[in-house]
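Structure file upload21.txt; described as compact mmCIF, C-alpha atoms.
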# COMPACT_ATOMS: atom_id res chain seq x y z
CA MET A 1 12.68 -106.70 124.58
CA PRO A 2 15.36 -105.61 122.09
CA LEU A 3 17.60 -108.62 122.68
CA LEU A 4 16.41 -111.61 120.67
CA GLY A 5 16.46 -114.16 123.49
CA HIS A 6 16.30 -114.59 127.25
CA ALA A 7 20.02 -115.34 127.63
CA ALA A 8 23.31 -114.25 126.13
CA MET A 9 26.97 -115.17 125.98
CA LEU A 10 29.33 -112.24 126.41
CA LEU A 11 33.01 -112.45 125.45
CA THR A 12 35.84 -109.92 125.52
CA PHE A 13 39.36 -110.72 124.34
CA ASP A 14 42.46 -109.67 122.45
CA ILE A 15 44.11 -111.29 119.45
CA VAL A 16 47.85 -111.13 118.82
CA GLU A 17 48.47 -108.35 116.29
CA GLU A 18 49.84 -110.48 113.49
CA ALA A 19 46.71 -112.68 113.53
CA ILE A 20 44.04 -109.93 113.56
CA ALA A 21 43.33 -109.93 109.80
CA GLU A 22 42.99 -113.71 109.62
CA HIS A 23 40.94 -113.77 112.82
CA ASP A 24 38.37 -111.36 111.40
CA ASP A 25 38.17 -113.39 108.17
CA TRP A 26 37.72 -116.66 110.11
CA HIS A 27 35.27 -115.15 112.58
CA THR A 28 33.11 -113.69 109.80
CA HIS A 29 33.13 -116.55 107.30
CA GLU A 30 33.40 -119.66 109.49
CA HIS A 31 32.98 -119.08 113.21
CA LEU A 32 29.83 -116.97 113.36
CA PRO A 33 28.04 -119.11 110.71
CA GLU A 34 29.01 -122.22 112.69
CA ARG A 35 27.65 -120.81 115.93
CA LEU A 36 24.46 -119.42 114.39
CA SER A 37 23.66 -122.84 112.93
CA ILE A 38 23.37 -124.26 116.48
CA PRO A 39 19.73 -124.58 117.63
CA GLY A 40 18.82 -121.74 119.99
CA PHE A 41 21.52 -119.31 118.81
CA LEU A 42 19.68 -116.25 117.45
CA ARG A 43 22.25 -113.52 116.70
CA GLY A 44 25.99 -113.04 117.03
CA THR A 45 27.71 -109.65 116.83
CA ARG A 46 31.41 -108.83 116.81
CA TRP A 47 32.37 -105.44 118.23
CA VAL A 48 35.76 -103.71 118.05
CA ALA A 49 37.08 -101.32 120.69
CA THR A 50 37.23 -97.64 119.75
CA SER A 51 40.41 -97.38 121.83
CA GLY A 52 42.47 -99.43 124.25
CA THR A 53 41.99 -103.07 125.14
CA PRO A 54 40.47 -105.58 124.97
CA ARG A 55 40.13 -105.20 121.22
CA TYR A 56 37.01 -107.36 120.81
CA MET A 57 33.63 -107.93 122.34
CA VAL A 58 31.32 -110.64 120.99
CA LEU A 59 27.68 -110.97 122.04
CA TYR A 60 25.63 -114.06 121.25
CA GLU A 61 21.90 -113.78 121.87
CA VAL A 62 20.28 -117.16 122.57
CA GLU A 63 16.81 -118.46 123.28
CA ARG A 64 17.41 -119.77 126.81
CA LEU A 65 20.25 -120.16 129.27
CA ASP A 66 20.34 -123.93 128.76
CA THR A 67 21.11 -123.32 125.05
CA LEU A 68 24.64 -122.53 126.27
CA ALA A 69 24.95 -125.99 127.85
CA SER A 70 23.19 -127.92 125.08
CA PRO A 71 24.70 -131.07 123.54
CA ALA A 72 24.77 -129.35 120.13
CA TYR A 73 26.84 -126.42 121.43
CA LEU A 74 29.19 -128.57 123.50
CA GLU A 75 29.74 -130.84 120.49
CA ARG A 76 31.07 -127.85 118.52
CA LEU A 77 33.29 -126.72 121.38
CA ASN A 78 34.82 -130.17 121.74
CA ASN A 79 35.33 -130.73 118.01
CA PRO A 80 36.88 -127.50 116.69
CA SER A 81 37.49 -127.24 112.96
CA PRO A 82 41.09 -127.12 111.65
CA TRP A 83 40.80 -123.35 111.12
CA THR A 84 39.45 -122.89 114.66
CA GLN A 85 42.32 -124.95 116.05
CA LYS A 86 44.70 -122.66 114.20
CA MET A 87 43.10 -119.48 115.59
CA MET A 88 42.60 -120.43 119.25
CA PRO A 89 46.28 -120.03 120.29
CA HIS A 90 46.15 -116.38 119.16
CA TYR A 91 43.56 -115.45 121.82
CA ARG A 92 44.64 -113.45 124.87
CA GLY A 93 42.76 -112.45 128.03
CA MET A 94 39.45 -114.16 127.25
CA THR A 95 36.50 -113.34 129.52
CA ARG A 96 33.40 -115.41 128.85
CA GLY A 97 30.05 -115.17 130.59
CA LEU A 98 27.02 -117.41 130.13
CA CYS A 99 24.35 -114.98 131.26
CA SER A 100 20.66 -114.52 131.86
CA VAL A 101 19.11 -111.31 130.53
CA ALA A 102 18.03 -109.57 133.73
CA SER A 103 16.72 -106.42 132.05
CA SER A 104 16.51 -105.22 128.44
CA HIS A 105 15.01 -101.96 127.16
CA GLY A 106 14.77 -99.97 123.96
CA HIS A 107 14.45 -100.74 120.27
CA GLY A 108 17.03 -102.54 118.17
CA MET A 109 20.79 -102.35 118.57
CA GLY A 110 22.87 -99.26 117.90
CA HIS A 111 26.29 -99.48 116.25
CA SER A 112 28.05 -97.79 119.19
CA GLY A 113 28.30 -99.64 122.47
CA LEU A 114 29.41 -98.98 126.05
CA LEU A 115 30.10 -102.06 128.16
CA PHE A 116 30.55 -102.13 131.92
CA ARG A 117 31.60 -105.32 133.71
CA PHE A 118 31.25 -105.33 137.50
CA LYS A 119 30.37 -107.32 140.61
CA PRO A 120 27.74 -106.58 143.27
CA GLY A 121 29.25 -105.79 146.64
CA VAL A 122 28.60 -108.10 149.56
CA GLY A 123 25.00 -107.62 150.65
CA LYS A 124 24.40 -105.00 147.91
CA GLU A 125 22.89 -107.17 145.18
CA ALA A 126 19.24 -106.20 145.83
CA LEU A 127 20.09 -102.48 146.07
CA LEU A 128 22.11 -102.56 142.86
CA GLU A 129 19.51 -104.54 140.90
CA SER A 130 16.67 -102.27 142.05
CA TRP A 131 18.52 -99.10 141.04
CA LEU A 132 19.43 -100.48 137.64
CA THR A 133 16.22 -102.27 136.64
CA GLN A 134 13.69 -99.86 138.15
CA ASP A 135 15.28 -96.42 138.36
CA LEU A 136 17.95 -96.10 135.68
CA LEU A 137 17.71 -98.46 132.74
CA PRO A 138 14.05 -98.19 131.56
CA GLY A 139 14.39 -94.53 130.59
CA LEU A 140 17.89 -94.53 129.09
CA PRO A 141 16.96 -95.66 125.54
CA GLU A 142 14.57 -92.73 125.18
CA ARG A 143 17.42 -90.24 125.34
CA ARG A 144 18.67 -88.68 122.13
CA GLY A 145 21.34 -90.77 120.43
CA LEU A 146 20.65 -93.97 122.39
CA SER A 147 18.96 -97.17 121.24
CA SER A 148 18.95 -99.89 123.90
CA VAL A 149 20.37 -101.03 127.21
CA HIS A 150 20.81 -104.56 128.58
CA LEU A 151 21.73 -105.97 131.99
CA LEU A 152 23.28 -109.44 131.98
CA ARG A 153 23.94 -111.64 135.01
CA SER A 154 26.06 -114.78 135.17
CA GLY A 155 23.84 -117.84 135.06
CA LEU A 156 26.05 -120.84 134.25
CA THR A 157 29.65 -121.87 134.85
CA PRO A 158 31.19 -122.85 131.48
CA GLU A 159 32.58 -126.36 131.12
CA MET A 160 36.20 -126.87 130.16
CA THR A 161 36.19 -127.84 126.47
CA ALA A 162 38.67 -128.63 123.71
CA GLU A 163 38.56 -125.05 122.40
CA GLN A 164 39.30 -123.60 125.83
CA ARG A 165 42.18 -126.02 126.40
CA ILE A 166 43.84 -124.72 123.24
CA ARG A 167 43.53 -121.01 124.09
CA GLY A 168 43.85 -121.30 127.90
CA ALA A 169 41.39 -120.97 130.77
CA ASP A 170 38.77 -118.22 130.47
CA THR A 171 37.87 -115.65 133.12
CA GLY A 172 34.20 -115.47 134.08
CA VAL A 173 31.75 -112.55 133.97
CA ASP A 174 29.58 -111.62 136.96
CA TRP A 175 27.30 -108.75 135.89
CA ALA A 176 27.55 -106.73 132.69
CA LEU A 177 25.72 -103.72 131.33
CA LEU A 178 25.67 -102.94 127.60
CA ALA A 179 24.26 -99.63 126.33
CA THR A 180 23.99 -99.05 122.57
CA GLY A 181 23.14 -96.08 120.38
CA PHE A 182 23.40 -94.49 116.95
CA ASP A 183 25.41 -91.52 118.22
CA ARG A 184 28.89 -92.36 119.49
CA ALA A 185 29.15 -89.20 121.58
CA ALA A 186 25.82 -89.85 123.31
CA VAL A 187 26.83 -93.41 124.17
CA ALA A 188 30.30 -92.38 125.36
CA GLY A 189 28.73 -89.64 127.45
CA LEU A 190 27.05 -92.24 129.65
CA ALA A 191 30.47 -93.17 131.04
CA ASN A 192 30.81 -89.63 132.40
CA GLY A 193 27.18 -89.44 133.52
CA ASP A 194 24.67 -91.96 134.78
CA LEU A 195 26.85 -94.99 134.11
CA ASN A 196 30.17 -93.77 135.46
CA ALA A 197 32.09 -96.05 137.80
CA SER A 198 31.39 -93.80 140.81
CA ALA A 199 27.62 -94.00 140.29
CA LEU A 200 27.81 -97.77 140.00
CA ALA A 201 29.92 -97.97 143.16
CA GLN A 202 27.53 -95.69 145.04
CA HIS A 203 24.74 -98.18 144.36
CA GLY A 204 26.69 -101.26 145.36
CA ALA A 205 28.86 -102.26 142.37
CA THR A 206 32.53 -103.18 142.77
CA GLU A 207 35.38 -103.69 140.29
CA ALA A 208 33.56 -101.77 137.54
CA VAL A 209 35.44 -101.63 134.24
CA GLY A 210 34.09 -99.66 131.27
CA MET A 211 34.90 -100.13 127.57
CA SER A 212 33.64 -98.55 124.33
CA PHE A 213 33.04 -100.52 121.12
CA GLU A 214 31.74 -100.19 117.57
CA ALA A 215 29.78 -103.01 115.90
CA ALA A 216 31.83 -104.62 113.10
CA HIS A 217 29.78 -107.61 111.91
CA SER A 218 26.51 -109.30 112.85
CA LEU A 219 24.81 -112.53 111.80
CA THR A 220 21.41 -114.00 112.70
CA ALA A 221 19.98 -117.49 112.58
CA ALA A 222 17.55 -116.24 109.92
CA ASP A 223 20.52 -115.26 107.74
CA MET A 224 21.68 -118.87 107.85
CA ARG A 225 18.35 -120.06 106.42
CA VAL A 226 18.46 -117.81 103.37

What is this file in structure tokens?
Amino acid sequence: MPLLGHAAMLLTFDIVEEAIAEHDDWHTHEHLPERLSIPGFLRGTRWVATSGTPRYMVLYEVERLDTLASPAYLERLNNPSPWTQKMMPHYRGMTRGLCSVASSHGHGMGHSGLLFRFKPGVGKEALLESWLTQDLLPGLPERRGLSSVHLLRSGLTPEMTAEQRIRGADTGVDWALLATGFDRAAVAGLANGDLNASALAQHGATEAVGMSFEAAHSLTAADMRV
């Protein structure tokens, strides 16, 4: 599958305007290298919204779900560096999901991304999953301009840690769908076509929220070994 592992951590958030430049410097030169040095972390990518809020999406691809509850990861979260301690108070509206990869199709990762967060309606989980994993998602990456599509489902409840205490409590993620491509218009078009909120609702999704992003920076565990 195009994702590098069987689980992922998905974050969306804003940063206060006056801290954006320093945040991107810190995130690129300290935070992502720190995370990608943790065993089981395979790739981290920072995305920036093409319009509106939240400004950022970050996707960490990891080997297994229990990587996100490992002693090595929790040790980092509970012992933030001085620069991390400085940046955490600038976060706003953090959503953070520790997710299993329920379905992943395509080849590679395009630079344009469309993210939908949603919840299955009561008694609609099987219907929604069947429509997504069997009917819709497998064929999407073959369309012109698209690269890959990934369905994530919440798998763990994050522990309260020192980092989270500094920035404030996070909001969880239930289900999320990320479509990527090399053509921004083709990716954006999904929000008015097969992946619009009405189609999701028709098949059992509730509280669907869509957002468009462009990839800004990516780092892999292999990069850290060079």

What is the atom CA of A:Val101 to atom CA of A:Gly5 distance in Å? 8.0 Å

Calculated over only C-alpha atoms, which of the candidates A:Leu140, A:Leu42, A:Leu65, A:Ala49 has the smallest distance to A:Leu152? A:Leu65

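Of note, atom CA of A:Met94 and atom CA of A:Leu59 are spaced 13.3 Å apart.
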
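Using all atoms listed in the file, the residues found no farther than 10 Å from A:Leu200, other than those of its own chain fewer than 3 positions away, are Phe116, Phe118, Lys119, Pro120, Leu128, Trp131, Leu132, Asp194, Leu195, Asn196, Ala197, His203, Gly204, Ala205, Thr206, Glu207 and Ala208 of chain A.
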
I'd like to know which of A:Ala216, A:Ala169, A:Leu151, A:Leu146 is closest to A:Arg184, using all atoms listed in the file. A:Leu146

Between A:Pro71, A:Pro141, A:Gly110, A:Gly44, single out the one closest to A:Phe213, counting all atoms listed in the file. A:Gly110

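Ranking A:Val122, A:Leu190, A:Ala185, A:Ala199 by their shortest atom-to-atom distance to A:Val149, with all atoms listed in the file included, puts A:Leu190 first.
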
For the interface of stretch 5-87 of chain A with stretch 162-166 of chain A (cut-off 10 Å, counting all atoms listed in the file), please tabulate each contacting residue of stretch 5-87 of chain A alongside its nearest pair of atoms and their separation in Å to one decimal, rows sorted by chain and increasing number, as a tab-separated table.
residue	atom	partner	partner_atom	distance
A:Leu74	CA	A:Ala162	CA	9.5
A:Glu75	CA	A:Ala162	CA	9.7
A:Arg76	CA	A:Glu163	CA	8.9
A:Leu77	CA	A:Glu163	CA	5.6
A:Asn78	CA	A:Ala162	CA	4.6
A:Asn79	CA	A:Ala162	CA	6.9
A:Pro80	CA	A:Glu163	CA	6.4
A:Ser81	CA	A:Glu163	CA	9.7
A:Thr84	CA	A:Glu163	CA	8.1
A:Gln85	CA	A:Ile166	CA	7.4
A:Lys86	CA	A:Ile166	CA	9.3
A:Met87	CA	A:Ile166	CA	9.3

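Of the residues under consideration (A:Thr28, A:Thr157, A:Asn192, A:Thr45), A:Thr45 shows the shortest atom-to-atom contact distance to A:Thr220 when counting only C-alpha atoms.
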
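Taking atom CA of A:Phe182 and atom CA of A:Ser147 as the two end points, the separation is 6.7 Å.
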
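Comparing A:His27, A:Lys124, A:His105, A:His111 by their smallest distance to A:Ala201, the closest is A:Lys124 (using all atoms listed in the file).
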
Pull the neighbourhood of (27.8, -110.6, 136.9) for me: all residues within 9 Å in file coordinates, counting only C-alpha atoms, as a list of chain:residue names. A:Gly97, A:Cys99, A:Arg117, A:Phe118, A:Lys119, A:Pro120, A:Leu152, A:Arg153, A:Ser154, A:Gly155, A:Gly172, A:Val173, A:Asp174, A:Trp175, A:Ala176

Okay, now the selection with C-alpha atoms, as a PDB file, in the frame of the given file?
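So the final result, stored in selection_6.pdb, reads:
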ATOM      1  CA  GLY A  97      30.050-115.170 130.590  1.00  0.00           C
ATOM      2  CA  CYS A  99      24.350-114.980 131.260  1.00  0.00           C
ATOM      3  CA  ARG A 117      31.600-105.320 133.710  1.00  0.00           C
ATOM      4  CA  PHE A 118      31.250-105.330 137.500  1.00  0.00           C
ATOM      5  CA  LYS A 119      30.370-107.320 140.610  1.00  0.00           C
ATOM      6  CA  PRO A 120      27.740-106.580 143.270  1.00  0.00           C
ATOM      7  CA  LEU A 152      23.280-109.440 131.980  1.00  0.00           C
ATOM      8  CA  ARG A 153      23.940-111.640 135.010  1.00  0.00           C
ATOM      9  CA  SER A 154      26.060-114.780 135.170  1.00  0.00           C
ATOM     10  CA  GLY A 155      23.840-117.840 135.060  1.00  0.00           C
ATOM     11  CA  GLY A 172      34.200-115.470 134.080  1.00  0.00           C
ATOM     12  CA  VAL A 173      31.750-112.550 133.970  1.00  0.00           C
ATOM     13  CA  ASP A 174      29.580-111.620 136.960  1.00  0.00           C
ATOM     14  CA  TRP A 175      27.300-108.750 135.890  1.00  0.00           C
ATOM     15  CA  ALA A 176      27.550-106.730 132.690  1.00  0.00           C
TER      16      ALA A 176
END

Could you name the residues that touch A:Ala221 at 12 Å or less, counting only C-alpha atoms, but leaving out those on the same chain fewer than 4 positions away, as a compact mmCIF listing (two decimals) with C-alpha atoms, in the frame of the given file?
# COMPACT_ATOMS: atom_id res chain seq x y z
CA LEU A 4 16.41 -111.61 120.67
CA GLY A 5 16.46 -114.16 123.49
CA LEU A 32 29.83 -116.97 113.36
CA PRO A 33 28.04 -119.11 110.71
CA GLU A 34 29.01 -122.22 112.69
CA ARG A 35 27.65 -120.81 115.93
CA LEU A 36 24.46 -119.42 114.39
CA SER A 37 23.66 -122.84 112.93
CA ILE A 38 23.37 -124.26 116.48
CA PRO A 39 19.73 -124.58 117.63
CA GLY A 40 18.82 -121.74 119.99
CA PHE A 41 21.52 -119.31 118.81
CA LEU A 42 19.68 -116.25 117.45
CA ARG A 43 22.25 -113.52 116.70
CA GLY A 44 25.99 -113.04 117.03
CA THR A 45 27.71 -109.65 116.83
CA TYR A 60 25.63 -114.06 121.25
CA GLU A 61 21.90 -113.78 121.87
CA VAL A 62 20.28 -117.16 122.57
CA GLU A 63 16.81 -118.46 123.28
CA ARG A 225 18.35 -120.06 106.42
CA VAL A 226 18.46 -117.81 103.37

Edge lengths and centre, in Å to one decimal, as lines of an AutoDock Vina configuration file: that's what I need for the box along x, y and z that holds all listed atoms of stretch 20-27 of chain A plus 4 Å on each side.
center_x = 39.7
center_y = -113.3
center_z = 110.9
size_x = 16.8
size_y = 14.7
size_z = 13.4

Test item: which residues lie within 12 Å of (34.3, -103.2, 120.7) counting all atoms listed in the file, as a ChimeraX atom specification: /A:10-14,45-59,111-116,178,180,210-217
